[in-house]
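The file structure-v1.cif contains mmCIF, C-alpha atoms:
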data_upload
loop_
_atom_site.label_atom_id
_atom_site.label_comp_id
_atom_site.auth_asym_id
_atom_site.auth_seq_id
_atom_site.Cartn_x
_atom_site.Cartn_y
_atom_site.Cartn_z
CA MET A 1 104.18 122.03 92.36
CA ASP A 2 103.10 121.68 95.95
CA LYS A 3 103.72 118.03 96.10
CA PRO A 4 107.47 117.86 95.68
CA ASN A 5 107.84 120.62 98.28
CA GLU A 6 105.45 118.95 100.65
CA LEU A 7 107.29 115.68 100.37
CA ASP A 8 110.67 117.27 100.70
CA PHE A 9 111.95 116.76 104.27
CA SER A 10 114.12 119.82 104.26
CA SER A 11 111.61 122.27 102.86
CA SER A 12 109.56 124.59 104.98
CA GLU A 13 106.35 123.33 103.44
CA PHE A 14 106.97 119.76 104.52
CA ASN A 15 103.67 118.04 105.09
CA ALA A 16 104.19 115.04 107.34
CA LEU A 17 100.75 113.59 106.71
CA GLU A 18 101.28 113.67 102.96
CA ALA A 19 104.68 112.08 103.43
CA LEU A 20 103.15 109.24 105.42
CA LEU A 21 100.40 108.65 102.89
CA SER A 22 102.31 108.95 99.63
CA PRO A 23 104.09 105.85 98.35
CA ASN A 24 107.21 107.35 96.85
CA VAL A 25 109.03 109.23 99.54
CA THR A 26 112.77 109.15 99.91
CA VAL A 27 114.06 109.42 103.45
CA PRO A 28 117.19 111.58 103.48
CA VAL A 29 119.07 109.45 106.02
CA PRO A 30 117.94 105.80 105.75
CA GLU A 31 120.21 104.58 108.57
CA ALA A 32 118.81 106.98 111.14
CA PRO A 33 117.54 105.26 114.35
CA MET A 34 113.80 104.92 114.60
CA TYR A 35 111.97 106.06 117.69
CA ASN A 36 108.50 105.06 118.76
CA ASN A 37 107.51 108.42 120.01
CA LEU A 38 108.67 111.97 120.44
CA GLY A 39 109.60 111.38 124.05
CA GLN A 40 112.31 108.90 123.11
CA PHE A 41 113.68 111.27 120.57
CA VAL A 42 113.81 114.11 123.08
CA SER A 43 115.51 112.01 125.75
CA THR A 44 118.19 110.76 123.36
CA LEU A 45 118.77 114.26 122.21
CA ASN A 46 119.18 115.49 125.78
CA ARG A 47 121.53 112.72 126.63
CA ALA A 48 123.66 113.44 123.60
CA ARG A 49 123.79 117.08 124.52
CA ALA A 50 124.63 116.37 128.16
CA LYS A 51 127.40 114.00 127.13
CA GLN A 52 128.82 116.59 124.85
CA ALA A 53 128.63 119.23 127.53
CA GLN A 54 130.25 117.07 130.21
CA GLY A 55 132.78 115.61 127.89
CA ASP A 56 134.21 119.13 127.66
CA GLY A 57 134.28 120.33 131.28
CA ALA A 58 133.47 117.93 134.17
CA GLY A 59 135.93 115.39 135.60
CA PRO A 60 135.75 111.60 135.49
CA SER A 61 133.65 111.32 138.71
CA THR A 62 130.35 112.19 137.15
CA ARG A 63 131.17 109.96 134.24
CA GLU A 64 131.84 107.12 136.66
CA SER A 65 128.68 107.72 138.59
CA ASN A 66 126.79 107.78 135.35
CA GLN A 67 128.48 104.56 134.41
CA ALA A 68 127.54 103.06 137.75
CA THR A 69 123.97 104.11 137.20
CA ILE A 70 123.98 102.57 133.79
CA ASN A 71 125.51 99.39 135.21
CA THR A 72 122.83 99.00 137.82
CA LEU A 73 120.23 99.77 135.24
CA ASN A 74 121.68 97.09 133.04
CA SER A 75 121.88 94.62 135.87
CA LEU A 76 118.25 95.24 136.58
CA ASN A 77 117.56 94.88 132.92
CA PRO A 78 115.86 91.50 133.13
CA LEU A 79 113.11 93.20 135.15
CA LYS A 80 113.04 96.09 132.71
CA ARG A 81 112.91 98.57 135.54
CA LYS A 82 114.82 101.78 135.81
CA PHE A 83 115.38 102.43 139.48
CA LEU A 84 118.40 104.33 140.67
CA PRO A 85 120.60 102.51 143.20
CA HIS A 86 119.11 104.32 146.17
CA GLN A 87 115.65 103.50 144.93
CA GLU A 88 116.20 99.78 144.93
CA PRO A 89 113.83 97.78 147.09
CA VAL A 90 115.00 96.75 150.52
CA MET A 91 114.16 93.50 152.26
CA GLY A 92 111.40 94.00 154.76
CA ARG A 93 111.83 93.18 158.40
CA GLY A 94 108.97 90.73 158.35
CA ARG A 95 105.74 90.80 160.22
CA SER A 96 106.27 92.19 163.70
CA ARG A 97 102.70 91.43 164.74
CA PRO A 98 102.62 88.40 167.00
CA GLN A 99 99.85 85.94 166.48
CA ARG A 100 97.34 85.92 169.28
CA ASN A 101 95.33 82.85 170.00
CA LEU A 102 93.91 81.07 173.01
CA LEU A 103 97.26 79.78 174.20
CA THR A 104 99.01 83.13 173.97
CA ARG A 105 96.11 84.79 175.71
CA MET A 106 96.29 82.31 178.54
CA ASP A 107 99.94 83.16 178.94
CA GLU A 108 99.41 86.89 178.68
CA VAL A 109 97.34 86.96 181.84
CA THR A 110 99.89 87.63 184.53
CA ARG A 111 98.15 90.28 186.58
CA GLY A 112 94.66 90.61 187.86
CA PRO A 113 92.07 88.07 188.88
CA MET A 114 92.60 85.83 185.89
CA SER A 115 96.17 85.26 186.94
CA VAL A 116 94.76 83.11 189.74
CA LEU A 117 93.22 80.86 187.10
CA ARG A 118 96.47 80.78 185.22
CA ASN A 119 98.47 79.86 188.30
CA CYS A 120 96.04 77.10 189.12
CA MET A 121 96.39 75.80 185.61
CA ILE A 122 100.19 75.88 185.74
CA ASN A 123 100.61 74.54 189.26
CA LYS A 124 97.79 72.04 188.86
CA THR A 125 96.27 73.01 192.16
CA ARG A 126 92.98 71.52 193.12
CA VAL A 127 90.27 74.08 192.66
CA LYS A 128 86.67 74.40 193.77
CA VAL A 129 84.45 75.96 191.14
CA TRP A 130 81.04 77.03 192.36
CA ILE A 131 78.35 76.57 189.76
CA ARG A 132 75.27 78.71 189.67
CA GLY A 133 71.71 78.13 188.66
CA ALA A 134 69.53 81.06 187.71
CA THR A 135 69.36 82.76 191.09
CA TRP A 136 70.86 80.13 193.37
CA ILE A 137 74.03 78.20 193.81
CA ARG A 138 73.67 74.85 192.14
CA GLY A 139 76.74 73.20 193.52
CA PHE A 140 80.44 73.00 193.02
CA CYS A 141 83.02 71.13 191.00
CA ILE A 142 86.36 70.16 192.49
CA GLY A 143 89.10 69.43 190.05
CA TYR A 144 92.12 70.66 188.12
CA ILE A 145 91.96 73.38 185.52
CA ALA A 146 93.35 72.38 182.15
CA ALA A 147 92.40 75.50 180.22
CA PHE A 148 90.41 78.66 180.58
CA ASP A 149 89.51 81.73 178.59
CA LYS A 150 88.45 85.28 179.20
CA GLN A 151 84.79 84.31 179.50
CA TRP A 152 85.78 81.89 182.26
CA ASN A 153 84.88 78.84 180.22
CA LEU A 154 86.84 76.13 182.00
CA ALA A 155 88.20 72.82 180.85
CA MET A 156 88.66 70.72 183.94
CA THR A 157 89.99 67.25 184.63
CA ASP A 158 89.36 64.81 187.43
CA VAL A 159 86.18 66.55 188.50
CA ASP A 160 84.08 65.64 191.51
CA GLU A 161 80.82 67.42 191.14
CA THR A 162 78.39 67.99 193.99
CA PHE A 163 75.12 69.66 193.28
CA THR A 164 71.58 69.94 194.53
CA ARG A 165 68.46 69.40 192.60
CA ARG A 166 64.76 68.95 193.11
CA ARG A 167 63.65 65.55 194.16
CA HIS A 168 61.35 63.74 191.83
CA ARG A 169 58.67 61.37 192.96
CA LYS A 170 59.36 59.00 190.17
CA THR A 171 62.89 57.94 190.87
CA PRO A 172 63.24 54.24 190.13
CA ILE A 173 66.30 52.81 191.80
CA LEU A 174 66.63 49.41 190.22
CA GLY A 175 64.82 47.55 187.52
CA PRO A 176 63.79 50.16 185.03
CA VAL A 177 67.11 51.94 185.40
CA ASP A 178 69.09 48.81 184.65
CA HIS A 179 66.85 48.07 181.75
CA ILE A 180 67.51 51.49 180.27
CA THR A 181 71.21 51.23 180.95
CA GLU A 182 71.41 48.02 178.99
CA ALA A 183 69.46 49.43 176.11
CA LEU A 184 71.77 52.39 175.88
CA GLY A 185 74.87 50.33 176.49
CA SER A 186 76.26 51.04 173.07
CA LEU A 187 76.12 54.78 173.57
CA THR A 188 78.01 55.13 176.82
CA THR A 189 80.88 57.60 176.87
CA THR A 190 82.71 56.29 179.90
CA SER A 191 84.04 52.80 179.69
CA SER A 192 84.46 52.65 183.43
CA ASP A 193 80.70 52.56 183.66
CA ASP A 194 80.57 48.90 184.61
CA SER A 195 83.23 49.08 187.24
CA LYS A 196 81.42 51.93 188.94
CA ASP A 197 78.21 49.98 189.13
CA LYS A 198 79.90 46.98 190.60
CA ILE A 199 81.57 48.90 193.38
CA PRO A 200 79.40 48.44 196.44
CA SER A 201 78.69 51.72 198.09
CA ALA A 202 77.19 52.37 201.51
CA PRO A 203 73.84 50.76 201.01
CA GLY A 204 71.82 52.88 203.47
CA PRO A 205 68.57 54.31 202.16
CA SER A 206 69.84 57.82 202.57
CA ASN A 207 72.81 57.22 200.33
CA GLN A 208 71.72 55.73 197.03
CA ARG A 209 74.11 55.10 194.25
CA LYS A 210 72.61 54.86 190.84
CA SER A 211 73.96 55.25 187.38
CA ASP A 212 72.75 58.06 185.28
CA PRO A 213 71.18 56.20 182.38
CA LEU A 214 72.25 58.56 179.69
CA THR A 215 75.89 58.92 180.48
CA GLY A 216 76.46 55.83 182.51
CA LEU A 217 78.04 57.89 185.25
CA ALA A 218 77.30 56.85 188.78
CA VAL A 219 75.34 59.50 190.60
CA GLN A 220 75.27 59.34 194.34
CA ARG A 221 72.16 60.79 195.89
CA GLN A 222 71.32 62.03 199.30
CA PRO A 223 68.02 63.61 200.13
CA ILE A 224 68.46 66.84 202.08
CA ASP A 225 64.91 67.69 202.86
CA ARG A 226 61.54 67.08 201.36
CA ARG A 227 62.19 68.92 198.19
CA GLU A 228 65.85 68.68 197.42
CA GLU A 229 68.51 66.07 197.13
CA LEU A 230 72.22 66.30 196.99
CA CYS A 231 73.95 64.53 194.14
CA GLN A 232 77.55 63.67 193.63
CA ARG A 233 79.40 62.31 190.68
CA HIS A 234 82.81 62.06 189.14
CA VAL A 235 83.59 63.14 185.60
CA GLN A 236 87.05 62.68 184.20
CA GLN A 237 87.06 65.59 181.77
CA LEU A 238 84.53 68.38 181.83
CA PHE A 239 83.98 71.61 179.95
CA ILE A 240 82.13 74.29 181.91
CA ARG A 241 80.61 77.28 180.22
CA GLY A 242 81.77 80.51 181.76
CA GLU A 243 78.29 81.81 182.26
CA GLN A 244 77.59 79.08 184.80
CA VAL A 245 80.64 79.76 186.93
CA ALA A 246 79.89 81.75 190.07
CA LEU A 247 83.18 81.58 191.88
CA VAL A 248 86.52 79.83 191.74
CA SER A 249 88.47 79.15 194.90
CA VAL A 250 91.79 77.45 195.41
CA LEU A 251 91.74 74.50 197.76
CA PRO A 252 94.48 74.20 200.33
CA LEU A 253 96.60 71.08 200.08
CA MET B 1 86.74 73.00 159.82
CA THR B 2 83.22 74.36 159.94
CA SER B 3 81.49 75.05 156.71
CA LEU B 4 79.86 78.17 158.06
CA SER B 5 82.76 80.27 159.25
CA THR B 6 82.62 84.00 159.25
CA ALA B 7 85.46 86.11 160.48
CA ARG B 8 83.84 86.39 163.87
CA ASP B 9 83.41 82.63 164.11
CA ARG B 10 87.05 82.13 163.39
CA TYR B 11 88.10 84.82 165.83
CA ASN B 12 86.02 83.33 168.61
CA ALA B 13 87.22 79.85 167.84
CA ALA B 14 90.85 80.92 167.93
CA ASN B 15 90.65 83.03 171.07
CA SER B 16 88.35 81.10 173.36
CA LEU B 17 87.80 77.55 174.51
CA LEU B 18 85.57 77.02 171.50
CA CYS B 19 88.53 75.32 169.89
CA LEU B 20 88.18 72.56 172.44
CA LEU B 21 84.57 72.02 171.47
CA GLN B 22 85.45 72.10 167.82
CA ALA B 23 87.99 69.42 168.49
CA LEU B 24 85.03 67.35 169.61
CA GLU B 25 83.29 67.62 166.28
CA GLY B 26 82.57 64.17 165.03
CA ARG B 27 82.74 62.64 168.48
CA VAL B 28 80.01 61.43 170.76
CA ALA B 29 79.66 63.57 173.87
CA VAL B 30 77.15 64.53 176.49
CA VAL B 31 75.97 68.11 176.60
CA GLU B 32 74.30 69.12 179.83
CA LEU B 33 71.91 71.98 179.56
CA ARG B 34 71.18 74.58 182.17
CA ASN B 35 67.67 73.28 182.58
CA GLU B 36 69.12 70.04 183.98
CA MET B 37 68.51 68.13 180.79
CA ALA B 38 71.23 66.10 179.16
CA VAL B 39 71.76 65.36 175.48
CA LYS B 40 74.00 62.63 174.25
CA GLY B 41 74.89 62.45 170.61
CA LEU B 42 77.41 62.95 167.88
CA ILE B 43 78.53 66.56 167.75
CA SER B 44 78.27 67.50 164.12
CA GLN B 45 79.04 71.20 164.33
CA VAL B 46 80.03 73.84 166.81
CA ASP B 47 79.85 77.39 165.58
CA GLY B 48 81.61 80.54 166.69
CA PHE B 49 79.04 81.30 169.37
CA MET B 50 79.13 77.84 170.92
CA ASN B 51 75.82 76.72 169.45
CA VAL B 52 76.05 72.96 169.13
CA SER B 53 74.25 70.74 166.68
CA LEU B 54 74.16 67.04 167.37
CA GLN B 55 73.11 64.03 165.39
CA ASN B 56 71.51 60.85 166.60
CA ALA B 57 70.75 62.47 169.93
CA THR B 58 69.14 61.09 173.04
CA VAL B 59 67.64 63.66 175.33
CA GLN B 60 66.90 62.94 178.95
CA GLY B 61 65.21 65.12 181.50
CA ASN B 62 65.40 64.39 185.23
CA ASP B 63 64.75 60.67 185.01
CA ASP B 64 61.99 61.33 182.57
CA HIS B 65 61.65 59.44 179.40
CA HIS B 66 64.34 59.41 176.80
CA TYR B 67 63.64 61.11 173.54
CA HIS B 68 65.52 60.32 170.41
CA PHE B 69 66.20 62.85 167.68
CA GLU B 70 68.05 62.58 164.43
CA GLU B 71 69.17 66.18 164.67
CA PHE B 72 69.31 68.27 167.79
CA PHE B 73 70.42 71.85 168.08
CA VAL B 74 71.45 73.48 171.33
CA LYS B 75 71.67 77.21 171.56
CA ALA B 76 74.84 78.33 173.24
CA ARG B 77 73.31 79.93 176.30
CA ASN B 78 71.61 76.71 177.33
CA ILE B 79 74.81 74.79 177.72
CA ARG B 80 76.11 74.22 181.20
CA TYR B 81 78.57 71.40 180.76
CA VAL B 82 80.03 69.36 177.99
CA GLN B 83 81.47 66.05 179.05
CA ILE B 84 84.62 65.48 177.08
CA PRO B 85 85.46 61.90 176.15
CA GLU B 86 88.34 60.56 178.18
CA ASP B 87 90.55 59.71 175.27
CA ILE B 88 90.97 63.34 174.27
CA ASP B 89 93.89 65.20 175.79
CA ILE B 90 92.74 68.76 176.33
CA THR B 91 95.97 70.67 175.75
CA GLU B 92 96.87 68.53 172.75
CA ALA B 93 93.49 69.00 171.22
CA ILE B 94 93.65 72.77 171.66
CA LYS B 95 97.12 72.95 170.14
CA ASN B 96 96.09 70.90 167.15
CA GLN B 97 93.03 73.01 166.56
CA LEU B 98 94.95 76.27 166.75
CA GLU B 99 97.78 75.14 164.53
CA GLY B 100 95.44 73.78 161.94
CA LYS B 101 93.77 77.08 161.37
CA PRO B 102 95.20 79.15 158.55
CA LYS B 103 96.50 82.57 159.46
CA ALA B 104 93.90 85.13 158.56
CA HIS B 105 96.05 87.71 156.80
CA LYS B 106 94.49 90.54 154.94
CA THR B 107 95.90 89.66 151.58
CA ASP B 108 95.95 91.93 148.60
CA MET B 109 93.27 90.23 146.61
CA SER B 110 92.78 92.84 143.94
CA SER B 111 92.57 91.01 140.68
CA THR B 112 93.15 93.83 138.27
CA THR B 113 95.80 93.21 135.66
CA LYS B 114 97.87 96.04 137.03
CA ALA B 115 97.80 94.61 140.54
CA LYS B 116 98.63 91.12 139.33
CA LEU B 117 101.53 92.40 137.31
CA ALA B 118 102.79 94.43 140.25
CA ARG B 119 102.63 91.43 142.55
CA LYS B 120 104.43 89.28 140.01
CA ARG B 121 107.18 91.84 139.61
CA GLN B 122 107.50 92.17 143.36
CA LYS B 123 108.14 88.47 143.65
CA GLU B 124 110.75 88.59 140.94
CA THR B 125 112.47 91.52 142.57
CA LEU B 126 112.54 89.78 145.92
CA LYS B 127 114.08 86.74 144.29
CA PHE B 128 116.65 88.91 142.59
CA ILE B 129 117.58 90.61 145.85
CA GLN B 130 117.89 87.31 147.62
CA GLN B 131 120.21 86.06 144.95
CA GLN B 132 122.29 89.19 145.22
CA GLN B 133 122.54 88.84 148.97
CA GLN B 134 123.56 85.23 148.66
CA ALA B 135 126.15 86.17 146.09
CA GLU B 136 127.52 88.79 148.47
CA LYS B 137 127.60 86.29 151.32
CA ASN B 138 129.45 83.80 149.21
CA GLU B 139 131.96 86.46 148.30
CA ILE B 140 132.53 87.51 151.88
CA GLU B 141 132.65 84.07 153.47
CA PRO B 142 135.63 82.45 151.76
CA GLN B 143 137.78 85.49 152.56
CA PRO B 144 139.08 85.63 156.15
CA PRO B 145 138.20 88.93 157.83
CA GLY B 146 141.77 90.19 158.23
CA THR B 147 142.76 90.35 154.59
CA SER B 148 142.05 92.93 151.96
CA GLN B 149 138.63 94.37 152.13
CA GLU B 150 136.70 94.89 149.02
CA THR B 151 134.45 97.83 149.39
CA ASP B 152 131.31 96.65 147.74
CA GLU B 153 129.06 99.66 148.17
#
Target encoding structure tokens, full file:
Amino acid sequence: MDKPNELDFSSSEFNALEALLSPNVTVPVPEAPMYNNLGQFVSTLNRARAKQAQGDGAGPSTRESNQATINTLNSLNPLKRKFLPHQEPVMGRGRSRPQRNLLTRMDEVTRGPMSVLRNCMINKTRVKVWIRGATWIRGFCIGYIAAFDKQWNLAMTDVDETFTRRRHRKTPILGPVDHITEALGSLTTTSSDDSKDKIPSAPGPSNQRKSDPLTGLAVQRQPIDRREELCQRHVQQLFIRGEQVALVSVLPL
Amino acid sequence: MTSLSTARDRYNAANSLLCLLQALEGRVAVVELRNEMAVKGLISQVDGFMNVSLQNATVQGNDDHHYHFEEFFVKARNIRYVQIPEDIDITEAIKNQLEGKPKAHKTDMSSTTKAKLARKRQKETLKFIQQQQQAEKNEIEPQPPGTSQETDE
């Protein structure tokens, strides 16, 4: 019959599908190792053949190198990876890119016009920063530069600002100003507000000292002509937007 | 720090004096505008382009009346000065701001199973290598350099 031949492993009419499906099949060698796929079978076969071949001719060196390979493979076993020794990963050198931020950029500027700003910052030289209006010079700020950036935004300390502005007809000197100052007392930024008001300044009509009601800073005024007046004030720490800076000049000691 | 931070915001904040203004977030300060007006209020947010939004703001023109606003937004170009409160040290504040920011690395964020597995294995391999190197160091150290050398690879 077909069936016994089909189920017979050694016959030429062996039908593997039938063997898998039929219940009573006797495997000729029950202790044979089981492979999951053909690839495994082929690789074991090749290895066996190579071993046989080398066992006859080649010296112990290849055997040792093979052994070394197998050792490294075994040592890497927990990761279940099969890299050869020269394929093993190597520790990287780490990130060579330096981090650039405002502070590093301030230090990078050693040549060119911005180096003047940097030197003023480092040497704490007193600097005169001219501030612009739209198409005119508004005034200047004299102080020390604490920080700057490429857009010429400046952080300055100990600033004496002098600027011009249009005179206004309604400029109450006393009375209403004090009233407003009291009302906004809780919102003042500078605590030295009071001390500034108490300091008696030159009382002439041309030189009026009044406190700016919003900030509590004392603003000294001086009318220049009919339309404009010159104002002066002192701010301890000021941030100036770069757009408003016209010019920076170093003051001689 | 800001809720609305795009990559450009963060870049600007890290590379310009914006970090100083962001250090002022939550503080009361006076912002002077280029039209000679002044606004005093609590700085709630400064974004990457230096736009400033303030709360509880008092606006004053040139000795005009004072106007009070719950929220006030200043577009960056209109700022001339910002008066920094005296109790803030400028260099310290900048340093703190810059250190606080996380490094913006381009991380491998692919979340496929294959990528995750690869990353996990990479970590394990690195650990393994480190251990090996330490083991080698420990082997080499106790032996003085003049004595027999073991050729380990």
List every residue of chain A that has an atom at most 6 Å from any atom of chain B, giving for each one its closest atom pair and the distance in Å to one decimal, counting only C-alpha atoms, sorted by chain and then by ascending residue number, as JSON lines.
{"residue": "A:Asn101", "atom": "CA", "partner": "B:Asn15", "partner_atom": "CA", "distance": 4.8}
{"residue": "A:Leu102", "atom": "CA", "partner": "B:Asn15", "partner_atom": "CA", "distance": 4.3}
{"residue": "A:Asp149", "atom": "CA", "partner": "B:Ser16", "partner_atom": "CA", "distance": 5.4}
{"residue": "A:Gln237", "atom": "CA", "partner": "B:Ile84", "partner_atom": "CA", "distance": 5.3}
{"residue": "A:Leu238", "atom": "CA", "partner": "B:Gln83", "partner_atom": "CA", "distance": 4.7}
{"residue": "A:Phe239", "atom": "CA", "partner": "B:Val82", "partner_atom": "CA", "distance": 5.0}
{"residue": "A:Ile240", "atom": "CA", "partner": "B:Tyr81", "partner_atom": "CA", "distance": 4.7}
{"residue": "A:Arg241", "atom": "CA", "partner": "B:Arg80", "partner_atom": "CA", "distance": 5.5}
Give the answer as one residue: which of A:Arg226, A:Arg49, A:Lys128, A:Arg97 has the shortest atom-to-atom distance to Tyr144 of chain A, using all atoms listed in the file? A:Lys128
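Atom to atom, atom CA of Val159 of chain A and atom CA of Met106 of chain A stand 21.2 Å apart.
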Polymer residues at most 8 Å from Phe140 of chain A, only C-alpha atoms, same-chain spacing of 4 or more positions, as a PyMOL selection string: chain A and resi 128-131+161-163
Do you have the atom CA of Gln236 of chain A-atom CA of Asp158 of chain A distance handy?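 These two atoms are separated by 4.5 Å.
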Selection result of the PyMOL selection byres ((chain B and resi 56) around 6) on this file, as a ChimeraX atom specification: /B:41,55,57,69-70
Tell me which of A:Asn37, A:Ser249, A:Thr215, A:Gln67 sits closest to Pro85 of chain A, counting only C-alpha atoms.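 Once distances to Pro85 of chain A are computed over only C-alpha atoms, the minimum belongs to A:Gln67.
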What's around Gly139 of chain A at 12 Å? Count all atoms listed in the file, leave out sequence neighbours fewer than 3 positions away in its own chain, and write the answer as a compact mmCIF listing (two decimals) with C-alpha atoms, in the coordinates of the input.
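File out.txt, as written:
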# COMPACT_ATOMS: atom_id res chain seq x y z
CA LYS A 128 86.67 74.40 193.77
CA VAL A 129 84.45 75.96 191.14
CA TRP A 130 81.04 77.03 192.36
CA ILE A 131 78.35 76.57 189.76
CA ARG A 132 75.27 78.71 189.67
CA GLY A 133 71.71 78.13 188.66
CA TRP A 136 70.86 80.13 193.37
CA ILE A 142 86.36 70.16 192.49
CA ASP A 160 84.08 65.64 191.51
CA GLU A 161 80.82 67.42 191.14
CA THR A 162 78.39 67.99 193.99
CA PHE A 163 75.12 69.66 193.28
CA THR A 164 71.58 69.94 194.53
CA ARG A 165 68.46 69.40 192.60
CA GLU A 229 68.51 66.07 197.13
CA LEU A 230 72.22 66.30 196.99
CA CYS A 231 73.95 64.53 194.14
CA GLN A 232 77.55 63.67 193.63
CA ARG A 233 79.40 62.31 190.68
CA GLN A 244 77.59 79.08 184.80
CA VAL A 245 80.64 79.76 186.93
CA ALA A 246 79.89 81.75 190.07
CA LEU A 247 83.18 81.58 191.88
CA VAL A 248 86.52 79.83 191.74
Separation of atom CA of Arg8 of chain B from atom CA of Glu108 of chain A in Å: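 Separation between atom CA of Glu108 of chain A and atom CA of Arg8 of chain B: 21.5 Å.
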Specify as JSON, numbers by chain each residue included when the PyMOL selection byres ((chain A and resi 110-114) around 12) is applied to this file. {"A": [104, 105, 106, 107, 108, 109, 115, 116, 117, 118, 119, 120, 121, 122, 147, 148, 149, 150, 151, 152, 153, 154, 247, 248, 249]}
Distance criterion (all atoms listed in the file): nearest to Gln222 of chain A out of A:Gln54, A:Lys210, A:Val27, A:Asn5: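 The answer is A:Lys210, which sits nearest to Gln222 of chain A.
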